[in-house]
Amino acid sequence: MDKQLKNSLRRAVEQLPRADLQALWEKPVEPLRVHDAITRPDYLPHRPTQQLRRLVPAFACLALFLCGGFGWYGQTAVAATVIDFELNPSIEITLNRRETVLKVEGLNPEAVEVLAGKSYRGEEAEDVIEEITRLLQASGYLNESKNTIFLSVNGKNVEKAEELSEELSEKIRLLADKEQSPTDVLRQSGKLDKALREQATEYALSPGKLRLAALLAEQLSDYSTAELLSFTPAQLLALADSLGTALPDGLVIEQSRFLKTEGREVPAVTPDETLHADEAQSAGTTVTPSETVTSQPQTKPTSPPTLPTNPAPTPVSPPPVTPTPTPPVTTQTPSSTPPQTDDDDDDDDDSGDDNDDDTDDD
Amino acid sequence: MLFFMVLDQKLPREHTRQLAIDETLIARIGQGDRLAFEDFYRSSERAVYSYALSLVQSPHDALDIVQDTFLKVRAAAELYQPQGKPLAWLFTIARNLARNLIRSRARNVSADTLYLEDDIDYSYISDPTDRLALAATLQLLEEGEREIILLHVVSGLKHREIAADLGIPLPTVLSRYHRGLKKLRKHLQQGGVRHG
């Protein structure tokens, strides 16, 4: 809708009368010897009284800041929400309480490359998600084959986090559908947990994925948290899908409306970090729902990390990863969790504006 | 000022792309170079008009401001010292002229008069949806929001350029821009106008 609104504005102003250039040139003007009050540029010094008058609001602002500035600081400079956006590039977006961006960080080399030279500070979360989705499309990470994004929103206010995750998921899927790169979203929302964040930082993981892996490991006895951390979003979605009504609270599967979703295909569950599930499909290793899939164990790390097994603040060490084959996972189709629908037709045309490319100036 | 109005003057579409205003033209204007003035006008007129419109909220008054701005440029061109931001100077002139105009006419624009799309100022706009969009922009938004939305949408200035030329921080520009768009979107949706 924004694009149409902007086009309307542009068209409207275009049709308004304009000055006659010739008449402007031919009208006699008296050259000024010194700048008058109208033409004096801002970079020229003003008279002392004017300078003093200019300082009054500055002092007033300083007083206001000293009196109530800390409240403002808390609103604008402190992280209140963290968004994890994972396709294969894994991106973390930190927001303040006003839901404007404090920083956007790539958590793996692919994300760092995609985000190179970009700055989103001060922008709104929805616009940044839209921009990132477009970048991923342009970079080929989102393409015509079925894509899966893991979106996690964790905030100090859980309700707001849930609302935001719903809005962002809708935006991503609409944009992706419009560009014919159908995308399912596995989204999660929850409380921003300091301990979880610290652990995630220590192990260079996103807090959202850490929480998701712990949640799924609780439900699926066949997998440990450490194993699940190496799964791609598509693989995680498939596992979550298999839980049916046992899907943990705060976890939602939202499907692209672009494709029919009856008889969902399950990608080969191979926790290979370099193999995206969609690549597996195109490589001819897709399995039909009636077949079982077997996960290959990850190579045992030299020092298994201590990871939480549940989303509670106190971390608990899981058992270390051992190279033993794990039992097969039988998938169920179709998903018993109905995708959320959104009947707001006005969002269907919200495709952003190609002119909004300000953020790459620096 | 009616003789200055030209209804069907076709200007090139540079205003929809990134503006590149050659600051050296100003010195040449001071020496009486007509072509320099024309180039300067063509490259900056949309931005000045958008800015003036955001200040005075009236197409007719905005046109007066634009004309007076460029006349002032001709008068003061020899005094101008290059600073790398010629548009900032134009905006300063336009802003000072607008303030004088508003003070002298003491015009109050009421948010109740949302039917301004029927005003004669808007009669040049053929599409009622476009009229409504412009009227909403001029009536509903705060001055800061109007400035940025019109400068960005109409003249094609990037947010970063607007921040530099108006002397305000980029996050403020972004925040006002998005806030203004949200207000417009909400108003137009409630008004039952569907775009697309």
# chains A, B, ... in the order shown; residues from 1 in each chain; ligands from 1
$ interface_residues --of "chain A" --to "chain B" --cutoff "8 Å" --atoms "only C-alpha atoms" --output "PyMOL selection string"
chain A and resi 1-2+4-6+8-13+15-21+23-25+29-35+37-42+121-124+346+349+355-358+361
$ residues_around --residues "Thr133 (chain A)" --least-positions-apart "6" --cutoff "8 Å" --atoms "only C-alpha atoms" --output "VMD selection string"
chain A and resid 142 172 175 to 176
$ write_last_selection --atoms "N, CA, C and O atoms" --output "JSON list (two decimals), in the first residue's frame"
[["chain", "number", "residue", "atom", "x", "y", "z"],
["A", 142, "LEU", "N", 16.84, -16.85, -0.92],
["A", 142, "LEU", "CA", 15.41, -17.10, -1.08],
["A", 142, "LEU", "C", 15.16, -17.23, -2.57],
["A", 142, "LEU", "O", 15.46, -16.32, -3.34],
["A", 172, "ILE", "N", 7.07, -11.26, 5.89],
["A", 172, "ILE", "CA", 8.04, -12.08, 5.16],
["A", 172, "ILE", "C", 7.32, -12.94, 4.13],
["A", 172, "ILE", "O", 7.71, -13.00, 2.95],
["A", 175, "LEU", "N", 5.82, -10.93, 1.18],
["A", 175, "LEU", "CA", 6.86, -10.43, 0.27],
["A", 175, "LEU", "C", 7.44, -11.57, -0.53],
["A", 175, "LEU", "O", 7.65, -11.47, -1.75],
["A", 176, "ALA", "N", 7.70, -12.68, 0.14],
["A", 176, "ALA", "CA", 8.28, -13.83, -0.54],
["A", 176, "ALA", "C", 7.30, -14.39, -1.59],
["A", 176, "ALA", "O", 7.68, -14.72, -2.71]]
$ atom_distance --atom1 "CA of Phe231 (chain A)" --atom2 "CA of Asp184 (chain A)"
16.0 Å
$ residues_around --residues "Leu212 (chain A)" --least-positions-apart "6" --cutoff "9 Å" --atoms "only C-alpha atoms" --output "PyMOL selection string"
chain A and resi 152+188+225+228-229+236+251+311
$ residues_around --residues "Leu138 (chain B)" --least-positions-apart "4" --cutoff "9 Å" --atoms "only C-alpha atoms" --output "PyMOL selection string"
chain B and resi 53-58+133-134+142-143+146
$ closest_residue --among "B:Ala163, B:Pro82, B:Ser43, B:Ile65" --to "Ala27 (chain B)" --atoms "only C-alpha atoms"
B:Pro82
$ residues_around --residues "Thr148 (chain A)" --least-positions-apart "2" --cutoff "10 Å" --atoms "only C-alpha atoms" --output "count of residues only"
26
$ residues_around --residues "Glu163 (chain A)" --least-positions-apart "6" --cutoff "10 Å" --atoms "only C-alpha atoms" --output "MDAnalysis selection string"
chainID A and resid 153 169 189
$ residues_around --residues "Asp127 (chain A)" --least-positions-apart "5" --cutoff "10 Å" --atoms "only C-alpha atoms" --output "ChimeraX atom specification"
/A:100-101,120,132-133,168,171,352,356 /B:178
$ select_by_dssp --residues "region 33-251 of chain A" --states "alpha helix (DSSP H)" --output "MDAnalysis selection string"
chainID A and resid 48:76 109:114 125:138 158:178 194:202 207:219 225:228 233:243
$ atom_distance --atom1 "CA of Gly155 (chain A)" --atom2 "CA of Val82 (chain A)"
6.3 Å
$ atom_distance --atom1 "CA of Glu99 (chain A)" --atom2 "CA of Gly144 (chain B)"
20.5 Å
